[in-house]
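Enquirer: Quick one: this structure, given as structure tokens, is what I'll be asking you about.
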Amino acid sequence: MSDLSTVSSAPGGAPKVARISEVVIRIAGNSQDGIQAIGGFLARLAGRSEQEVMTFMTIPSTISGGPSIFQVRVGTGEVLSSGDEADLLVAFYQHSYEDHINSLRKGGLVLYDSDHVEPKPEWQTDYRHLSVPISSLTVEAIGGTAKDKGKNIFTLGLLAKMFALEVPKLERLIAERFGGKDQSVLNNALTAFHAGYNYSLEGVIETFCFAESRKRAAKQVVMNGNEALAYGLIAAGVRFGAGYPITPWSDIMETLRRELPKFGGTFVQCEDEIASIATAIGASYAGRVAVTGSSGPGISLKSEALGWAVMAEIPLVIVDIQRGGPSTGMPTSVEQSDLNLAVYGSHGDSPRVVMAPANVGDAFTTAIEAVNIARKFNVPVIILSDQAIATRIEAFAEPELEKVCQDISPDFTPVPTHKPYDLNAPDSVAHHVPPGTRILDGKYPVATGLEHDEYGHPTGSPRLHLAMTAKRRRKLQALAATLPTPPIYGPPEGNVLLVGWGSSQGPMKEAVDRARAAGDSISCLTIRHIHPLPNGLENLFAGFNHVFVVELNDSGIYGYGQLAGILRARFVDPKIRGINKTDGLTFKVKEILAQIQERLAETTAQN
Amino acid sequence: MSSPLTETAPERGANPAGPLPESDRKPLTKKELAADHPTWCPGCGDFSVLALYFKLIEKRKLWHEKIATVAGIGCSSRFPYFVQAHGVHFIHGRALPFATGISLSRPDLHVFVFGGDGDGFSIGGNHVNHTARKNVKMTYVIMDNFVYGLTKKQTSPTSPIGFKSKTDTWGAVDRPINPMKQLISAGATFVARATHTNPNHLLQIMEAAMDHDGFSVIECLSECVEFYEGAFDAANPRKGGVFNPVPADHDITDEAAAYKLADAPFPGHFGIFYQAKRPTKNALEAGINAKALERVNGAKPWQILQQSFDKMK
Ligand SMILES: Cc1ncc(C[n+]2csc(CCOP(=O)(O)OP(=O)(O)O)c2C)c(N)n1
Ligand code: SF4
Ligand SMILES: [Mg+2]
């Protein structure tokens, strides 16, 4: 966090320029104010300036508008989370000011729209206040017809001045965003931007500039987690998908619907989630692994068909963008409470693979890995992402697309004979030939949900059900043996090991950094392969006195969350305990640190 | 991007599904088409539908590998096991969306779906509506026995009022659906009715359905001798009933007339009730893709992706 708290002008009245390494800016307004756009511009700019960036936003679940925030953390060092506290709060309305002043650290700066906000005298001592009539100045700049529109871009201009941002790059970003439209729209945007930029902050406040960032080897791309996942699927060679809208999954299907035709592919909007998974399995069966996806409630609907894909051993990728549950729950909030559903949801013994990307860049990588695991093991793979990864914008090293893009076109070479469910197959993996393939002995397979013999014919044989159940499970054991043991962040031995997954990774790592700086003996690791787990975790756990699993779900009846439950079942180790919360927001670093202290205190109390 | 699994998985050599030299292939015989011996009760109407499917394949010179036979769950839905061709026995009621996935991604295949009245009109009812509305190219035969066969005699959505089932021991009370009306109003572009006791007619209808470019549906009365014996005697001249063809002057493009025809009391009419020319979803999606592909102008997939990434910097 940087120090924005010193109001001082250099002698002679020249504005002071303070050098900072990073800043956390929270912009609070209503959803229709376009504050997401400001955040998007700042994030893109940071990506182009080789700075690290992470964003966080809340959007009301009602479309008619309502309070909304966008938080962006930009820095020259490694940015792991969107920041516990803001250095700068931009407040458009009284409610924005009052509801979010607490997110500002003491001594932080609140920049408020004096047309809408009445500052409170009692807060003047704790926070620096800067009054700018944002609404009226915007109207003045671009005309009364604009009403409140454009004040986001005006504010962007103000921020550009305050943080000495690169104006030509911002202008280019604005042109890219508004360029396609009516010329007057772009002109208005640029006028609003310059009005903000030229607003005189001099003498009122110093400006800031970022310390030189470390040069990166690779170029960065800037996108949110859902975009990264969708593009990852395309890079993996997926050309067919089917889905039904639900927040926050919808924009993956929207992206795929828009993009796939360019690759000769199709995304189908179905009548419901059951039809979606059925359609996707149909396309997978037809020869090329397909994708379906949803968020919590929709995943529940898919579970019967998922069981079929497990039984028939058909590859499939299922995306679950988790949100607060159960039921309709908290549609626009984050939670990691679908893990048990992903690992176990369906009926019977139905082994499938579950992977969880840990950040935006990893969503791209995970999508490719999921497709390849699905194909190699003929098994459904669930990608368990979450609302926080889905919606936050991050910059990450641009993948070498020419290298990572795959061609997974089906092969229709005739085969002499075909035995899909060979019990002696390597790694127990079923082998399919897609329809269209001629089988020269004239014996054709049926893909089936009934228990079957090695040729796919239905059977009620106890011996075969036993053997086939074991076969479907052995595939996952074979997969587990190929998974790399995750690296430990920090020393391999110590007092506390934090274990996290999904969007908990960032704040967890930052918590480790902070605690280590304070002298604590602590490390962490992120589990991407949730099911099956990679082998060898027990050896990693052995190096620590305590293992705390950091996850955004309930601490449960027995005091630990969903991944912790699986780890305890797997390793029968009571030193595995939980760090959980369910307020619908990502972990703050200080929350993790506080719970570590609580857990340690519990141990001391017991001893 | 360094995980061992992110490399391209090995391919068996990309071979297009190009036509094999077919001139030297003889039409498939019943023997080559028959797979597992059907597990249906002796006398079940489903046998005739299967026999006529074989006839259709033989007559129209379809090849094993070019057919996908898809079904849900039910007695009738066991169909794919009895056919020597790529087959799918999916879950109850969801055969149509599965078949949609095949149809939309594989224009080279003939996609046939077989299933029961419960599978199609009850649990799968909404899928029928949407597959019809979208006009996805495939042929769907609903083997209607007015009862749940596999689960042993419960009321089905086509059971007539008064039918004594295990779930309505006093006789069914809920109004049955009218399959023809339901299919027409959903937007199916080929809607026909047949019965297993008139094989020549059924074959004729199956051929017309297969030739239809769109979603073609046949409701084929198929008697469940076990749980609803005699249900269709009224449509069978050999049992003293009458087989009423659709009147020769019926205009199959006239939706309102088709509705009227569907109002006739049981046993009603047999034949094509309605047929319309409307672009298939297959064609519409192909059109969208053709436009998109024109714009990318032969660029490789990674280059197209690169263009998107360049906008996100
Ligand atoms: C999700 C689900 N619910 C219920 C069943 C049980 N079930 C199997 S077939 C069937 C009804 C079969 O009736 P119909 O579709 O008319 O086929 P028929 O046996 O008469 O040919 C039912 C209820 C099932 N397999 N799956
Ligand atoms: S129970 Fe009825 S529908 Fe099922 S096989 Fe027997 S006769 Fe046919
Ligand atoms: Mg039935």
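Residues in the structure tokens are numbered from 1 in each chain, the chains being A, B, ... in the order shown, and ligands are numbered from 1 in the order shown.
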Counting only C-alpha atoms and all ligand atoms, which residues of chain B sit at most 6 Å from some atom of ligand 2, and what is each one's closest atom pair with its distance in Å to one decimal, listed by chain and rising residue number, as CSV?

Expert:
```
residue,atom,partner,partner_atom_place_in_ligand_line,distance
B:Trp40,CA,ligand 2,5 (S),3.7
B:Cys41,CA,ligand 2,6 (Fe),4.1
B:Cys44,CA,ligand 2,7 (S),4.1
B:Cys75,CA,ligand 2,4 (Fe),4.6
B:Gly149,CA,ligand 2,1 (S),4.3
B:Leu150,CA,ligand 2,4 (Fe),5.4
B:Cys224,CA,ligand 2,2 (Fe),3.6
B:Val225,CA,ligand 2,7 (S),4.3
B:Glu226,CA,ligand 2,7 (S),4.5
B:Phe227,CA,ligand 2,2 (Fe),5.7
```

Enquirer: Print the selection's residues with C-alpha atoms to a file, as a PDB file, in the first residue's frame.

Expert:
```
ATOM      1  CA  TRP B  40     -38.890 -57.175 -26.163  1.00  0.00           C
ATOM      2  CA  CYS B  41     -41.835 -59.381 -25.187  1.00  0.00           C
ATOM      3  CA  CYS B  44     -44.494 -56.288 -28.891  1.00  0.00           C
ATOM      4  CA  CYS B  75     -38.616 -50.566 -23.708  1.00  0.00           C
ATOM      5  CA  GLY B 149     -43.734 -50.318 -20.573  1.00  0.00           C
ATOM      6  CA  LEU B 150     -40.303 -50.630 -19.006  1.00  0.00           C
ATOM      7  CA  CYS B 224     -47.503 -53.046 -25.614  1.00  0.00           C
ATOM      8  CA  VAL B 225     -48.912 -56.557 -25.503  1.00  0.00           C
ATOM      9  CA  GLU B 226     -47.854 -56.922 -21.911  1.00  0.00           C
ATOM     10  CA  PHE B 227     -49.474 -53.878 -20.321  1.00  0.00           C
TER      11      PHE B 227
END
```

Enquirer: Pick out the residues sitting within 7 Å of segment 491-494 of chain A, and hand them over as a list in words; count only C-alpha atoms, and ignore anything fewer than 2 positions along from it in its own chain.

Expert: Ile488, Tyr489, Val496, Ser521, Ile522, Ser523, Gly543 and Phe544 of chain A

Enquirer: Just list as an MDAnalysis selection string whatever in segment 70-249 of chain A DSSP marks as alpha helix (DSSP H).

Expert: chainID A and resid 94:100 134:142 151:162 167:178 183:198 225:235

Enquirer: Can you pull out every residue with an atom within 9 Å of ligand 1? Use only C-alpha atoms and all ligand atoms and format it as number ranges by chain.

Expert: A: 304; B: 46, 72-78, 91-93, 115-123, 142-154, 156-158, 222, 224

Enquirer: Nearest residue to ligand 3 out of B:Phe270, B:Phe54, B:Tyr228, B:Phe98, using only C-alpha atoms and all ligand atoms?

Expert: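 Among the listed residues, B:Tyr228 lies closest to ligand 3.
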
Enquirer: Name the closest residue to chain B among the candidates A:Trp249, A:Phe571, A:Phe377, A:Phe541; distances are taken between atoms, counting only C-alpha atoms.

Expert: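 Smallest distance to chain B is found for A:Phe377.
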
Enquirer: Any idea what the distance is between atom CA of Glu598 of chain A and atom CA of Gly578 of chain A?

Expert: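 So the two atoms, atom CA of Glu598 of chain A and atom CA of Gly578 of chain A, lie 10.9 Å apart.
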